[in-house]
Every structure is written in structure tokens, then in C-alpha cells.
$ cat upload-v4.cif   # mmCIF, C-alpha atoms
data_final
loop_
_atom_site.group_PDB
_atom_site.id
_atom_site.type_symbol
_atom_site.label_atom_id
_atom_site.label_comp_id
_atom_site.auth_asym_id
_atom_site.auth_seq_id
_atom_site.Cartn_x
_atom_site.Cartn_y
_atom_site.Cartn_z
ATOM 1 C CA MET E 1 57.352 107.028 102.363
ATOM 2 C CA THR E 2 55.674 110.218 103.555
ATOM 3 C CA SER E 3 55.037 113.732 102.372
ATOM 4 C CA LEU E 4 53.326 115.113 105.478
ATOM 5 C CA PHE E 5 55.062 116.665 108.477
ATOM 6 C CA LYS E 6 53.128 114.499 110.868
ATOM 7 C CA THR E 7 55.581 114.135 113.718
ATOM 8 C CA VAL E 8 56.201 116.312 116.739
ATOM 9 C CA PRO E 9 59.646 117.023 118.229
ATOM 10 C CA ILE E 10 61.033 113.773 119.626
ATOM 11 C CA ARG E 11 61.782 113.747 123.325
ATOM 12 C CA SER E 12 65.045 112.119 124.325
ATOM 13 C CA SER E 13 63.097 110.027 126.808
ATOM 14 C CA GLU E 14 61.176 108.552 123.900
ATOM 15 C CA ILE E 15 64.316 107.744 121.928
ATOM 16 C CA THR E 16 66.599 106.517 124.677
ATOM 17 C CA PRO E 17 64.651 104.626 127.348
ATOM 18 C CA LYS E 18 66.522 104.495 130.629
ATOM 19 C CA SER E 19 66.107 100.725 130.742
ATOM 20 C CA VAL E 20 68.421 100.336 127.753
ATOM 21 C CA TYR E 21 71.344 101.315 129.958
ATOM 22 C CA LEU E 22 70.485 99.465 133.153
ATOM 23 C CA SER E 23 71.535 95.932 132.281
ATOM 24 C CA ARG E 24 73.014 93.894 129.500
ATOM 25 C CA ARG E 25 70.095 91.481 129.781
ATOM 26 C CA ASP E 26 67.606 94.262 129.116
ATOM 27 C CA PHE E 27 69.715 95.477 126.208
ATOM 28 C CA MET E 28 69.912 92.064 124.561
ATOM 29 C CA LYS E 29 66.189 91.548 125.033
ATOM 30 C CA ALA E 30 65.448 94.930 123.474
ATOM 31 C CA ALA E 31 67.817 94.219 120.583
ATOM 32 C CA THR E 32 66.085 90.913 119.910
ATOM 33 C CA LEU E 33 62.601 92.375 119.971
ATOM 34 C CA THR E 34 63.202 95.672 118.223
ATOM 35 C CA THR E 35 66.555 95.270 116.443
ATOM 36 C CA GLY E 36 68.110 98.145 118.319
ATOM 37 C CA ALA E 37 65.037 100.381 118.356
ATOM 38 C CA ALA E 38 66.110 101.983 121.608
ATOM 39 C CA LEU E 39 69.427 103.302 120.286
ATOM 40 C CA LEU E 40 70.509 106.706 119.088
ATOM 41 C CA THR E 41 73.259 108.216 116.995
ATOM 42 C CA ALA E 42 76.317 110.291 117.697
ATOM 43 C CA CYS E 43 74.905 113.774 117.313
ATOM 44 C CA ALA E 44 72.744 116.050 119.435
ATOM 45 C CA PRO E 45 71.597 119.649 119.982
ATOM 46 C CA SER E 46 72.169 122.148 122.722
ATOM 47 C CA VAL E 47 69.724 123.786 125.056
ATOM 48 C CA ALA E 48 72.071 126.318 126.636
ATOM 49 C CA ASP E 49 73.018 129.816 125.503
ATOM 50 C CA ALA E 50 76.374 131.555 125.916
ATOM 51 C CA SER E 51 76.879 135.287 126.000
ATOM 52 C CA ALA E 52 78.366 136.948 122.950
ATOM 53 C CA ASP E 53 81.468 137.823 124.992
ATOM 54 C CA GLU E 54 82.166 134.154 125.695
ATOM 55 C CA ALA E 55 81.676 132.764 122.208
ATOM 56 C CA PRO E 56 84.215 132.847 119.371
ATOM 57 C CA VAL E 57 83.045 134.475 116.159
ATOM 58 C CA PRO E 58 83.022 132.735 112.746
ATOM 59 C CA THR E 59 85.789 134.043 110.536
ATOM 60 C CA SER E 60 84.017 134.383 107.210
ATOM 61 C CA GLY E 61 80.331 134.898 107.856
ATOM 62 C CA ALA E 62 77.431 134.005 110.066
ATOM 63 C CA THR E 63 75.092 132.166 107.707
ATOM 64 C CA ASP E 64 75.122 129.135 105.468
ATOM 65 C CA GLU E 65 74.647 129.445 101.699
ATOM 66 C CA LEU E 66 70.877 129.371 102.186
ATOM 67 C CA GLY E 67 71.007 132.397 104.481
ATOM 68 C CA ASP E 68 70.360 130.491 107.710
ATOM 69 C CA PRO E 69 72.345 131.757 110.714
ATOM 70 C CA VAL E 70 74.883 129.586 112.469
ATOM 71 C CA ASN E 71 73.941 128.153 115.825
ATOM 72 C CA SER E 72 75.600 129.630 118.879
ATOM 73 C CA TYR E 73 78.889 128.252 120.105
ATOM 74 C CA SER E 74 77.074 127.052 123.186
ATOM 75 C CA ASP E 75 74.449 125.262 121.096
ATOM 76 C CA ILE E 76 77.164 123.277 119.422
ATOM 77 C CA THR E 77 79.404 122.520 122.388
ATOM 78 C CA ASN E 78 77.188 122.026 125.424
ATOM 79 C CA TYR E 79 74.779 119.279 124.399
ATOM 80 C CA ASN E 80 76.264 116.388 122.482
ATOM 81 C CA ASN E 81 75.752 112.742 121.689
ATOM 82 C CA TYR E 82 79.128 111.186 122.322
ATOM 83 C CA TYR E 83 78.545 107.819 123.915
ATOM 84 C CA GLU E 84 82.245 107.220 124.424
ATOM 85 C CA PHE E 85 81.961 109.698 127.292
ATOM 86 C CA THR E 86 78.374 109.322 128.497
ATOM 87 C CA VAL E 87 74.839 108.742 127.248
ATOM 88 C CA ASP E 88 73.749 111.886 129.108
ATOM 89 C CA LYS E 89 73.915 114.564 126.405
ATOM 90 C CA GLN E 90 74.102 117.427 128.865
ATOM 91 C CA GLN E 91 77.098 115.902 130.647
ATOM 92 C CA VAL E 92 79.351 115.183 127.669
ATOM 93 C CA ALA E 93 81.194 118.512 127.841
ATOM 94 C CA ASP E 94 81.962 117.972 131.528
ATOM 95 C CA GLU E 95 83.016 114.358 131.057
ATOM 96 C CA ALA E 96 85.310 115.331 128.178
ATOM 97 C CA GLN E 97 87.264 117.920 130.165
ATOM 98 C CA GLY E 98 90.030 115.469 131.035
ATOM 99 C CA PHE E 99 90.382 114.076 127.523
ATOM 100 C CA SER E 100 93.950 114.434 126.231
ATOM 101 C CA LEU E 101 94.278 115.852 122.714
ATOM 102 C CA ALA E 102 98.060 115.621 122.474
ATOM 103 C CA PRO E 103 100.000 113.790 121.337
ATOM 104 C CA TRP E 104 97.651 112.604 118.570
ATOM 105 C CA THR E 105 98.349 110.574 115.474
ATOM 106 C CA VAL E 106 96.202 109.416 112.579
ATOM 107 C CA GLU E 107 97.241 106.240 110.750
ATOM 108 C CA VAL E 108 96.266 106.235 107.069
ATOM 109 C CA GLY E 109 96.816 102.944 105.291
ATOM 110 C CA GLY E 110 95.246 99.863 103.775
ATOM 111 C CA LEU E 111 95.011 99.772 99.998
ATOM 112 C CA VAL E 112 97.296 102.739 99.353
ATOM 113 C CA ASN E 113 100.680 103.175 97.727
ATOM 114 C CA ASN E 114 102.009 105.552 100.346
ATOM 115 C CA PRO E 115 100.765 104.662 103.861
ATOM 116 C CA LYS E 116 101.604 107.272 106.456
ATOM 117 C CA THR E 117 101.038 108.098 110.083
ATOM 118 C CA PHE E 118 100.436 111.803 110.661
ATOM 119 C CA GLY E 119 100.710 113.792 113.847
ATOM 120 C CA ILE E 120 97.883 116.280 114.211
ATOM 121 C CA GLU E 121 100.468 119.052 113.924
ATOM 122 C CA ASP E 122 101.561 117.592 110.576
ATOM 123 C CA LEU E 123 98.006 117.672 109.259
ATOM 124 C CA LEU E 124 97.605 121.290 110.290
ATOM 125 C CA LYS E 125 100.815 122.249 108.460
ATOM 126 C CA LEU E 126 100.342 120.120 105.352
ATOM 127 C CA PHE E 127 96.764 121.052 104.525
ATOM 128 C CA PRO E 128 95.467 124.634 104.370
ATOM 129 C CA GLN E 129 92.613 125.099 106.817
ATOM 130 C CA GLU E 130 89.425 126.709 105.551
ATOM 131 C CA GLU E 131 86.072 127.555 107.058
ATOM 132 C CA ARG E 132 83.011 125.621 105.880
ATOM 133 C CA ILE E 133 79.600 126.589 107.246
ATOM 134 C CA TYR E 134 77.575 123.389 106.989
ATOM 135 C CA ARG E 135 74.139 122.246 108.036
ATOM 136 C CA LEU E 136 74.036 119.233 110.340
ATOM 137 C CA ARG E 137 70.900 117.070 110.145
ATOM 138 C CA CYS E 138 70.636 114.466 112.877
ATOM 139 C CA VAL E 139 68.762 111.238 112.244
ATOM 140 C CA GLU E 140 66.617 112.240 115.233
ATOM 141 C CA ALA E 141 65.004 114.988 113.126
ATOM 142 C CA TRP E 142 66.706 118.091 114.485
ATOM 143 C CA SER E 143 69.339 120.244 112.810
ATOM 144 C CA MET E 144 72.017 122.895 113.320
ATOM 145 C CA VAL E 145 74.217 125.198 111.237
ATOM 146 C CA ILE E 146 77.876 124.860 112.232
ATOM 147 C CA PRO E 147 80.978 126.853 111.200
ATOM 148 C CA TRP E 148 83.714 124.215 110.914
ATOM 149 C CA THR E 149 87.368 124.721 110.084
ATOM 150 C CA GLY E 150 89.307 121.965 108.355
ATOM 151 C CA PHE E 151 90.468 120.494 105.071
ATOM 152 C CA THR E 152 89.055 118.113 102.508
ATOM 153 C CA LEU E 153 89.406 114.399 103.067
ATOM 154 C CA ALA E 154 90.238 114.133 99.359
ATOM 155 C CA SER E 155 93.460 116.077 99.845
ATOM 156 C CA LEU E 156 94.638 113.602 102.468
ATOM 157 C CA LEU E 157 93.665 110.567 100.409
ATOM 158 C CA GLU E 158 95.425 111.912 97.344
ATOM 159 C CA MET E 159 98.626 112.132 99.363
ATOM 160 C CA VAL E 160 98.535 108.442 100.304
ATOM 161 C CA GLU E 161 97.511 107.358 96.773
ATOM 162 C CA PRO E 162 94.681 104.786 96.940
ATOM 163 C CA THR E 163 95.259 101.736 94.762
ATOM 164 C CA SER E 164 92.828 100.611 92.083
ATOM 165 C CA ASP E 165 91.454 97.996 94.485
ATOM 166 C CA ALA E 166 90.345 100.626 97.021
ATOM 167 C CA LYS E 167 86.572 101.119 96.898
ATOM 168 C CA TYR E 168 85.708 102.253 100.432
ATOM 169 C CA VAL E 169 87.202 104.210 103.315
ATOM 170 C CA ARG E 170 86.948 102.930 106.867
ATOM 171 C CA PHE E 171 87.343 105.217 109.900
ATOM 172 C CA GLU E 172 88.024 104.385 113.537
ATOM 173 C CA THR E 173 87.711 106.449 116.713
ATOM 174 C CA VAL E 174 90.291 106.399 119.498
ATOM 175 C CA PHE E 175 89.800 103.714 122.154
ATOM 176 C CA ARG E 176 90.716 105.061 125.589
ATOM 177 C CA PRO E 177 88.297 103.698 128.191
ATOM 178 C CA GLU E 178 90.399 105.196 130.965
ATOM 179 C CA GLU E 179 89.512 108.666 129.623
ATOM 180 C CA MET E 180 86.253 107.822 127.873
ATOM 181 C CA PRO E 181 84.189 105.995 130.486
ATOM 182 C CA GLY E 182 81.393 105.215 128.056
ATOM 183 C CA GLN E 183 83.759 102.830 126.285
ATOM 184 C CA LYS E 184 83.531 100.559 129.310
ATOM 185 C CA SER E 185 79.896 99.916 128.394
ATOM 186 C CA PRO E 186 79.241 96.414 127.040
ATOM 187 C CA PHE E 187 76.313 97.679 124.972
ATOM 188 C CA TYR E 188 78.340 98.861 121.984
ATOM 189 C CA PRO E 189 81.037 97.258 119.807
ATOM 190 C CA TRP E 190 83.837 99.735 120.541
ATOM 191 C CA PRO E 191 85.775 101.387 119.088
ATOM 192 C CA TYR E 192 83.359 103.435 116.974
ATOM 193 C CA GLN E 193 83.716 102.621 113.281
ATOM 194 C CA GLU E 194 82.280 104.308 110.206
ATOM 195 C CA GLY E 195 82.740 104.170 106.468
ATOM 196 C CA LEU E 196 82.196 105.887 103.146
ATOM 197 C CA ARG E 197 82.353 104.806 99.553
ATOM 198 C CA LEU E 198 85.551 106.139 97.993
ATOM 199 C CA ASP E 199 83.750 108.537 95.651
ATOM 200 C CA GLU E 200 81.831 109.954 98.628
ATOM 201 C CA ALA E 201 85.082 110.399 100.512
ATOM 202 C CA MET E 202 86.652 112.188 97.541
ATOM 203 C CA ASN E 203 83.755 114.628 97.163
ATOM 204 C CA ASP E 204 84.793 118.216 97.853
ATOM 205 C CA LEU E 205 82.143 118.607 100.566
ATOM 206 C CA THR E 206 83.649 115.839 102.718
ATOM 207 C CA LEU E 207 85.655 117.577 105.421
ATOM 208 C CA LEU E 208 88.129 116.598 108.101
ATOM 209 C CA ALA E 209 87.323 119.205 110.730
ATOM 210 C CA THR E 210 89.990 120.439 113.131
ATOM 211 C CA GLY E 211 88.299 123.628 114.294
ATOM 212 C CA LEU E 212 84.995 125.179 115.249
ATOM 213 C CA TYR E 213 83.936 128.831 115.224
ATOM 214 C CA GLY E 214 87.433 129.841 114.126
ATOM 215 C CA GLU E 215 89.044 128.162 117.135
ATOM 216 C CA PRO E 216 90.551 124.684 117.662
ATOM 217 C CA ASN E 217 87.875 122.055 118.030
ATOM 218 C CA VAL E 218 86.922 120.861 121.512
ATOM 219 C CA ALA E 219 86.790 117.332 122.842
ATOM 220 C CA GLN E 220 83.012 117.016 123.047
ATOM 221 C CA ASN E 221 82.756 117.863 119.337
ATOM 222 C CA GLY E 222 85.301 115.303 118.202
ATOM 223 C CA ALA E 223 88.653 117.032 118.633
ATOM 224 C CA PRO E 224 91.294 117.014 117.504
ATOM 225 C CA ILE E 225 90.050 115.703 114.145
ATOM 226 C CA ARG E 226 86.670 114.449 113.001
ATOM 227 C CA LEU E 227 84.790 113.738 109.814
ATOM 228 C CA VAL E 228 81.986 115.997 108.542
ATOM 229 C CA VAL E 229 79.758 114.682 105.728
ATOM 230 C CA PRO E 230 76.989 117.302 105.512
ATOM 231 C CA TRP E 231 74.574 115.501 103.181
ATOM 232 C CA LYS E 232 74.363 112.485 105.496
ATOM 233 C CA TYR E 233 72.796 112.039 108.917
ATOM 234 C CA GLY E 234 75.093 113.127 111.710
ATOM 235 C CA PHE E 235 76.098 109.688 112.949
ATOM 236 C CA LYS E 236 78.205 109.228 109.797
ATOM 237 C CA SER E 237 80.503 112.070 110.899
ATOM 238 C CA ILE E 238 82.801 110.045 113.161
ATOM 239 C CA LYS E 239 84.698 111.873 115.912
ATOM 240 C CA SER E 240 88.265 111.762 117.287
ATOM 241 C CA ILE E 241 89.710 109.748 114.413
ATOM 242 C CA VAL E 242 92.905 107.724 114.869
ATOM 243 C CA LYS E 243 92.727 105.436 111.835
ATOM 244 C CA ILE E 244 91.693 105.791 108.194
ATOM 245 C CA GLU E 245 91.891 102.649 106.084
ATOM 246 C CA LEU E 246 91.266 102.139 102.383
ATOM 247 C CA VAL E 247 89.498 98.815 101.785
ATOM 248 C CA SER E 248 87.932 96.856 98.936
ATOM 249 C CA GLU E 249 84.671 95.818 100.648
ATOM 250 C CA GLU E 250 81.970 97.853 102.354
ATOM 251 C CA PRO E 251 83.149 98.227 105.969
ATOM 252 C CA SER E 252 80.972 97.427 108.926
ATOM 253 C CA THR E 253 79.883 100.383 111.057
ATOM 254 C CA LEU E 254 78.920 100.578 114.694
ATOM 255 C CA TRP E 255 75.309 101.659 114.238
ATOM 256 C CA SER E 256 74.508 99.432 111.307
ATOM 257 C CA ASN E 257 75.908 96.508 113.301
ATOM 258 C CA ILE E 258 73.614 97.310 116.210
ATOM 259 C CA ALA E 259 70.450 98.228 114.302
ATOM 260 C CA SER E 260 70.759 97.792 110.556
ATOM 261 C CA ASN E 261 67.049 98.411 110.027
ATOM 262 C CA GLU E 262 67.419 101.924 111.463
ATOM 263 C CA TYR E 263 70.932 103.037 110.542
ATOM 264 C CA GLY E 264 72.022 101.999 107.077
ATOM 265 C CA PHE E 265 75.467 102.368 105.557
ATOM 266 C CA TYR E 266 74.571 105.282 103.280
ATOM 267 C CA ALA E 267 72.474 107.351 105.706
ATOM 268 C CA ASN E 268 71.771 110.091 103.147
ATOM 269 C CA VAL E 269 69.341 112.701 104.428
ATOM 270 C CA ASN E 270 66.054 111.779 102.747
ATOM 271 C CA PRO E 271 62.702 113.332 103.703
ATOM 272 C CA ASP E 272 60.862 110.590 101.785
ATOM 273 C CA VAL E 273 62.306 107.667 103.756
ATOM 274 C CA ASP E 274 61.152 107.548 107.361
ATOM 275 C CA HIS E 275 63.048 106.226 110.308
ATOM 276 C CA PRO E 276 61.139 103.166 111.586
ATOM 277 C CA ARG E 277 59.960 105.224 114.583
ATOM 278 C CA TRP E 278 59.410 108.722 113.200
ATOM 279 C CA SER E 279 59.021 110.747 110.026
ATOM 280 C CA GLN E 280 62.053 112.346 108.412
ATOM 281 C CA ALA E 281 59.957 114.777 106.373
ATOM 282 C CA SER E 282 60.555 117.718 108.723
ATOM 283 C CA GLU E 283 63.084 118.794 111.303
ATOM 284 C CA ARG E 284 63.479 121.096 114.260
ATOM 285 C CA ARG E 285 66.297 123.615 113.819
ATOM 286 C CA ILE E 286 67.812 124.189 117.242
ATOM 287 C CA GLY E 287 66.853 127.684 118.395
ATOM 288 C CA GLU E 288 63.631 127.773 116.363
ATOM 289 C CA LEU E 289 60.120 127.050 117.597
ATOM 290 C CA ASN E 290 58.616 125.756 114.372
ATOM 291 C CA ARG E 291 59.570 122.763 112.285
ATOM 292 C CA ARG E 292 60.900 123.172 108.768
ATOM 293 C CA PRO E 293 60.861 120.833 105.754
ATOM 294 C CA THR E 294 63.856 118.549 105.478
ATOM 295 C CA LEU E 295 65.778 118.980 102.229
ATOM 296 C CA PRO E 296 66.930 115.973 100.187
ATOM 297 C CA PHE E 297 70.621 115.403 100.818
ATOM 298 C CA ASN E 298 70.277 118.126 103.472
ATOM 299 C CA GLY E 299 70.221 120.715 100.678
ATOM 300 C CA TYR E 300 73.465 119.551 99.055
ATOM 301 C CA GLY E 301 71.871 117.557 96.243
ATOM 302 C CA GLU E 302 73.412 119.636 93.478
ATOM 303 C CA GLN E 303 76.871 118.552 94.630
ATOM 304 C CA VAL E 304 76.206 114.921 95.547
ATOM 305 C CA ALA E 305 73.018 113.501 93.995
ATOM 306 C CA ASN E 306 74.975 112.241 90.988
ATOM 307 C CA LEU E 307 76.874 109.877 93.290
ATOM 308 C CA TYR E 308 73.710 107.811 93.602
ATOM 309 C CA ASP E 309 72.437 107.741 90.008
ATOM 310 C CA GLY E 310 70.520 104.529 89.434
ATOM 311 C CA MET E 311 70.351 103.624 93.125
ATOM 312 C CA ASP E 312 67.110 103.106 95.026
ATOM 313 C CA LEU E 313 67.736 105.264 98.089
ATOM 314 C CA SER E 314 64.818 103.737 99.957
ATOM 315 C CA VAL E 315 66.692 100.431 99.795
ATOM 316 C CA ASN E 316 70.179 101.871 100.081
ATOM 317 C CA TYR E 317 69.220 104.036 103.035
#
$ encode --input "upload-v4.cif" --output "C-alpha cells"
Amino acid sequence: MTSLFKTVPIRSSEITPKSVYLSRRDFMKAATLTTGAALLTACAPSVADASADEAPVPTSGATDELGDPVNSYSDITNYNNYYEFTVDKQQVADEAQGFSLAPWTVEVGGLVNNPKTFGIEDLLKLFPQEERIYRLRCVEAWSMVIPWTGFTLASLLEMVEPTSDAKYVRFETVFRPEEMPGQKSPFYPWPYQEGLRLDEAMNDLTLLATGLYGEPNVAQNGAPIRLVVPWKYGFKSIKSIVKIELVSEEPSTLWSNIASNEYGFYANVNPDVDHPRWSQASERRIGELNRRPTLPFNGYGEQVANLYDGMDLSVNY
């Protein structure tokens, strides 16, 4: 536990040593010695700037509810962690250019009374799309403000009617190694999987995002449909979803399988619980020079803190 902003911005070279990706033997050795200490999550900032003429404009405002301006369209779309394409953050947008977004279906089933498979066009028609300007806090101690467009996950789950046995929601990313070359890597248990407790999934903040900056989402940011859970670290917000399953037991997730000491199931933003390799007490907002204090639950505590009453969030990290 820490209350001092003692860290400096974390260089990607410090977080993702090149040796991790050179051989499976090196990876297994590193995993044994450090329990996945050399791994990152599925979120990242941008270092490029686009001109105002090139970037779409948010439809309902340019700040979050705290008055912080949204990051540029280029910030959000030109530097991404999306290991299904590549571990090189600055190359994800290029690698994703050939990724096919249609046709696309999302299977919703498991412990539900009304399992359904939706085409992306069905989801766009069935559920009114709204803009949500949310902060994104990466586990790597940087942050952004992003204008998403989408609909609440709760509205989709209500349609399929979870049974009384459903306690968790499991998500799965598309598996297309022919289009996503990173999925040929033996280092990760593909496809990407994530999960939420059912009450977290039903919270009004939990969004299925289909758009960005008032335009359809793009492949490098998880198009055509991704999860956004703004009070949790970014790796919880799984991209390019093809399956949503209601289950009775806590589902396994990709990052907690690889390094459970670093990436827990809950992953709530918590400035008082450090990552094993750096402080979480402060963050670097992309586009700003100075660090800022990290807010508990990323500033959304009023809406979500009650979900964790009685829990020790340093244990349930």
C-alpha cells in the first residue's frame, strides 16, 4: 500500500522486454521465475496527433464529467495494445487494416432463458446508441478520456433473461489467426477471455461500445463491438466480442491465467494497491506532462463502490 507518487512514467521497454517474445523457452523461464512479470495488458496510449480536419468530433461534448478534455482521435486509434494483431503498439492500426468486420455475430447464451445469436446490425437496431465519455485507466499507470458510443450491457442481458443460477458473465474475443497474426503466438492462451460478476455487468456504467468519436468503431479499438468497464483497469474491457456466456462460477481470464499475482479477476482501479512492479497511486494522462493522482474506482466510486461492500480490495484485486 502506498500514498506517495513515487514512480516515474513507465517505459514500454521496461514493461515488455524483447526477450519475452523471442522464444517459448525464454517465456516459460520468465513465467516460472516472475509469474508473468514481463507481460502487459490490452490497452495503450497514443503518441501521434491528427489534424482537426481529419478527426471526427464528439457528438455531445468534449469533456468528461470532471471537466477533463477527451483525447484526440489519433491518441485513441494510433497506439494500441492488441496482442491479437501484434505486440508492437505503434503497428496495431496498420496490422488491423485487413481485419473483416462483417459479417459479425455475437452468441449470447449459457444460463439464460432466451439464448440468442445477434448480428451486429441487429444489435445496432435493437438497442439505442448513446455517447458515453469515459476515463480509461490502464494498469500500466497511464490514462485517457474517450468518447464511446454504445449501449448498456444490462439491456442485452435483460433480453436473454439470466436464470437464478447465473452469477458471472464470461466474454470471448474472435479467434481468426489468419487475420490476427498475434494469435499464432504460443505465448498466450487464445482466444482472449474476460469476465465480470453479474452485478458488475448489470451496472449502468458497463457499456458495449460500437462507436468512437461519433463514428463506427475501428478494428484496432475493438470493433465492431467491445466491452467498456470504466472503473476497472483497461485489460478488463475485452475487444471484438463474439461470445457472451452466463455462468455460475467465476470464469478464468487470459491475464489472470498468465500472471494471477499481477492481474486479478476484479482489477478495480485502486491507488492504494500497487502493481508488483510499480505504484498505482498516480498516472500519466496522455497529452499531459505531469502526473496526476489516481482516483479510486477511476473516479466512478459513487456509482460502483457499493458493489464491493465488505470486500477487502487489496485481496480481491
$ closest_atom_pairs --input "upload-v4.cif" --of "stretch 42-159 of chain E" --to "stretch 241-250 of chain E" --cutoff "6 Å" --atoms "only C-alpha atoms" --output "tab-separated table"
residue	atom	partner	partner_atom	distance
E:Val106	CA	E:Val242	CA	4.4
E:Glu107	CA	E:Lys243	CA	4.7
E:Val108	CA	E:Ile244	CA	4.7
E:Gly109	CA	E:Glu245	CA	5.0
E:Gly110	CA	E:Leu246	CA	4.8
E:Leu111	CA	E:Leu246	CA	5.0
$ atom_distance --input "upload-v4.cif" --atom1 "atom CA of E:Arg285" --atom2 "atom CA of E:Asn257"
28.8 Å
$ resolve_selection --input "upload-v4.cif" --expression "the PyMOL selection byres ((chain E and resi 104) around 6)" --output "list of chain:residue names"
E:Ala102, E:Pro103, E:Thr105, E:Gly119, E:Ile120
$ residues_near_point --input "upload-v4.cif" --point "(66.0, 119.5, 97.0)" --cutoff "12 Å" --atoms "all atoms listed in the file" --output "JSON, numbers by chain"
{"E": [231, 269, 270, 271, 272, 293, 294, 295, 296, 297, 298, 299, 300, 301, 302, 303, 304, 305]}
$ atom_distance --input "upload-v4.cif" --atom1 "atom CA of E:Phe175" --atom2 "atom CA of E:Ser240"
9.5 Å
$ atom_distance --input "upload-v4.cif" --atom1 "atom CA of E:Tyr266" --atom2 "atom CA of E:Lys236"
8.4 Å
$ resolve_selection --input "upload-v4.cif" --expression "the PyMOL selection byres ((chain E and resi 128-132) around 8)" --output "JSON, numbers by chain"
{"E": [59, 60, 124, 125, 126, 127, 133, 134, 147, 148, 149, 150, 151, 214]}
$ axis_aligned_box --input "upload-v4.cif" --around "stretch 267-277 of chain E" --padding-each-side "5 Å" --output "lines of an AutoDock Vina configuration file"
center_x = 66.2
center_y = 108.2
center_z = 108.2
size_x = 22.5
size_y = 20.2
size_z = 22.8
$ closest_residue --input "upload-v4.cif" --among "E:Pro224, E:Gly211, E:Pro251, E:Pro162" --to "E:Tyr73" --atoms "only C-alpha atoms"
E:Gly211
$ resolve_selection --input "upload-v4.cif" --expression "the PyMOL selection byres ((chain E and resi 155) around 10)" --output "PyMOL selection string"
chain E and resi 126-128+151-154+156-160+202+204+207-208
$ write_last_selection --input "upload-v4.cif" --atoms "C-alpha atoms" --output "compact mmCIF listing (two decimals), keeping the file's coordinate frame"
# COMPACT_ATOMS: atom_id res chain seq x y z
CA LEU E 126 100.34 120.12 105.35
CA PHE E 127 96.76 121.05 104.52
CA PRO E 128 95.47 124.63 104.37
CA PHE E 151 90.47 120.49 105.07
CA THR E 152 89.06 118.11 102.51
CA LEU E 153 89.41 114.40 103.07
CA ALA E 154 90.24 114.13 99.36
CA LEU E 156 94.64 113.60 102.47
CA LEU E 157 93.66 110.57 100.41
CA GLU E 158 95.42 111.91 97.34
CA MET E 159 98.63 112.13 99.36
CA VAL E 160 98.54 108.44 100.30
CA MET E 202 86.65 112.19 97.54
CA ASP E 204 84.79 118.22 97.85
CA LEU E 207 85.66 117.58 105.42
CA LEU E 208 88.13 116.60 108.10
$ residues_near_point --input "upload-v4.cif" --point "(68.1, 98.5, 104.0)" --cutoff "12 Å" --atoms "all atoms listed in the file" --output "list in words"
Ser256, Ala259, Ser260, Asn261, Glu262, Tyr263, Gly264, Phe265, Tyr266, Ala267, Val273, Asp274, His275, Pro276, Asp312, Leu313, Ser314, Val315, Asn316 and Tyr317 of chain E
$ write_last_selection --input "upload-v4.cif" --atoms "C-alpha atoms" --output "PDB file, keeping the file's coordinate frame"
ATOM      1  CA  SER E 256      74.508  99.432 111.307  1.00  0.00           C
ATOM      2  CA  ALA E 259      70.450  98.228 114.302  1.00  0.00           C
ATOM      3  CA  SER E 260      70.759  97.792 110.556  1.00  0.00           C
ATOM      4  CA  ASN E 261      67.049  98.411 110.027  1.00  0.00           C
ATOM      5  CA  GLU E 262      67.419 101.924 111.463  1.00  0.00           C
ATOM      6  CA  TYR E 263      70.932 103.037 110.542  1.00  0.00           C
ATOM      7  CA  GLY E 264      72.022 101.999 107.077  1.00  0.00           C
ATOM      8  CA  PHE E 265      75.467 102.368 105.557  1.00  0.00           C
ATOM      9  CA  TYR E 266      74.571 105.282 103.280  1.00  0.00           C
ATOM     10  CA  ALA E 267      72.474 107.351 105.706  1.00  0.00           C
ATOM     11  CA  VAL E 273      62.306 107.667 103.756  1.00  0.00           C
ATOM     12  CA  ASP E 274      61.152 107.548 107.361  1.00  0.00           C
ATOM     13  CA  HIS E 275      63.048 106.226 110.308  1.00  0.00           C
ATOM     14  CA  PRO E 276      61.139 103.166 111.586  1.00  0.00           C
ATOM     15  CA  ASP E 312      67.110 103.106  95.026  1.00  0.00           C
ATOM     16  CA  LEU E 313      67.736 105.264  98.089  1.00  0.00           C
ATOM     17  CA  SER E 314      64.818 103.737  99.957  1.00  0.00           C
ATOM     18  CA  VAL E 315      66.692 100.431  99.795  1.00  0.00           C
ATOM     19  CA  ASN E 316      70.179 101.871 100.081  1.00  0.00           C
ATOM     20  CA  TYR E 317      69.220 104.036 103.035  1.00  0.00           C
TER      21      TYR E 317
END
$ closest_residue --input "upload-v4.cif" --among "E:Arg284, E:Lys116, E:Arg176, E:Lys232" --to "E:Leu196" --atoms "all atoms listed in the file"
E:Lys232
$ closest_residue --input "upload-v4.cif" --among "E:Tyr213, E:Tyr188, E:Trp255, E:Tyr83" --to "E:Val70" --atoms "all atoms listed in the file"
E:Tyr213
$ closest_residue --input "upload-v4.cif" --among "E:Val87, E:Val218, E:Leu212, E:Gln280" --to "E:Val57" --atoms "all atoms listed in the file"
E:Leu212
$ residues_around --input "upload-v4.cif" --residues "E:Pro177" --least-positions-apart "5" --cutoff "10 Å" --atoms "all atoms listed in the file" --output "number ranges by chain"
E: 84-85, 182-185, 190-191
$ closest_residue --input "upload-v4.cif" --among "E:Thr63, E:Thr77, E:Ser237, E:Glu200" --to "E:Gln91" --atoms "all atoms listed in the file"
E:Thr77
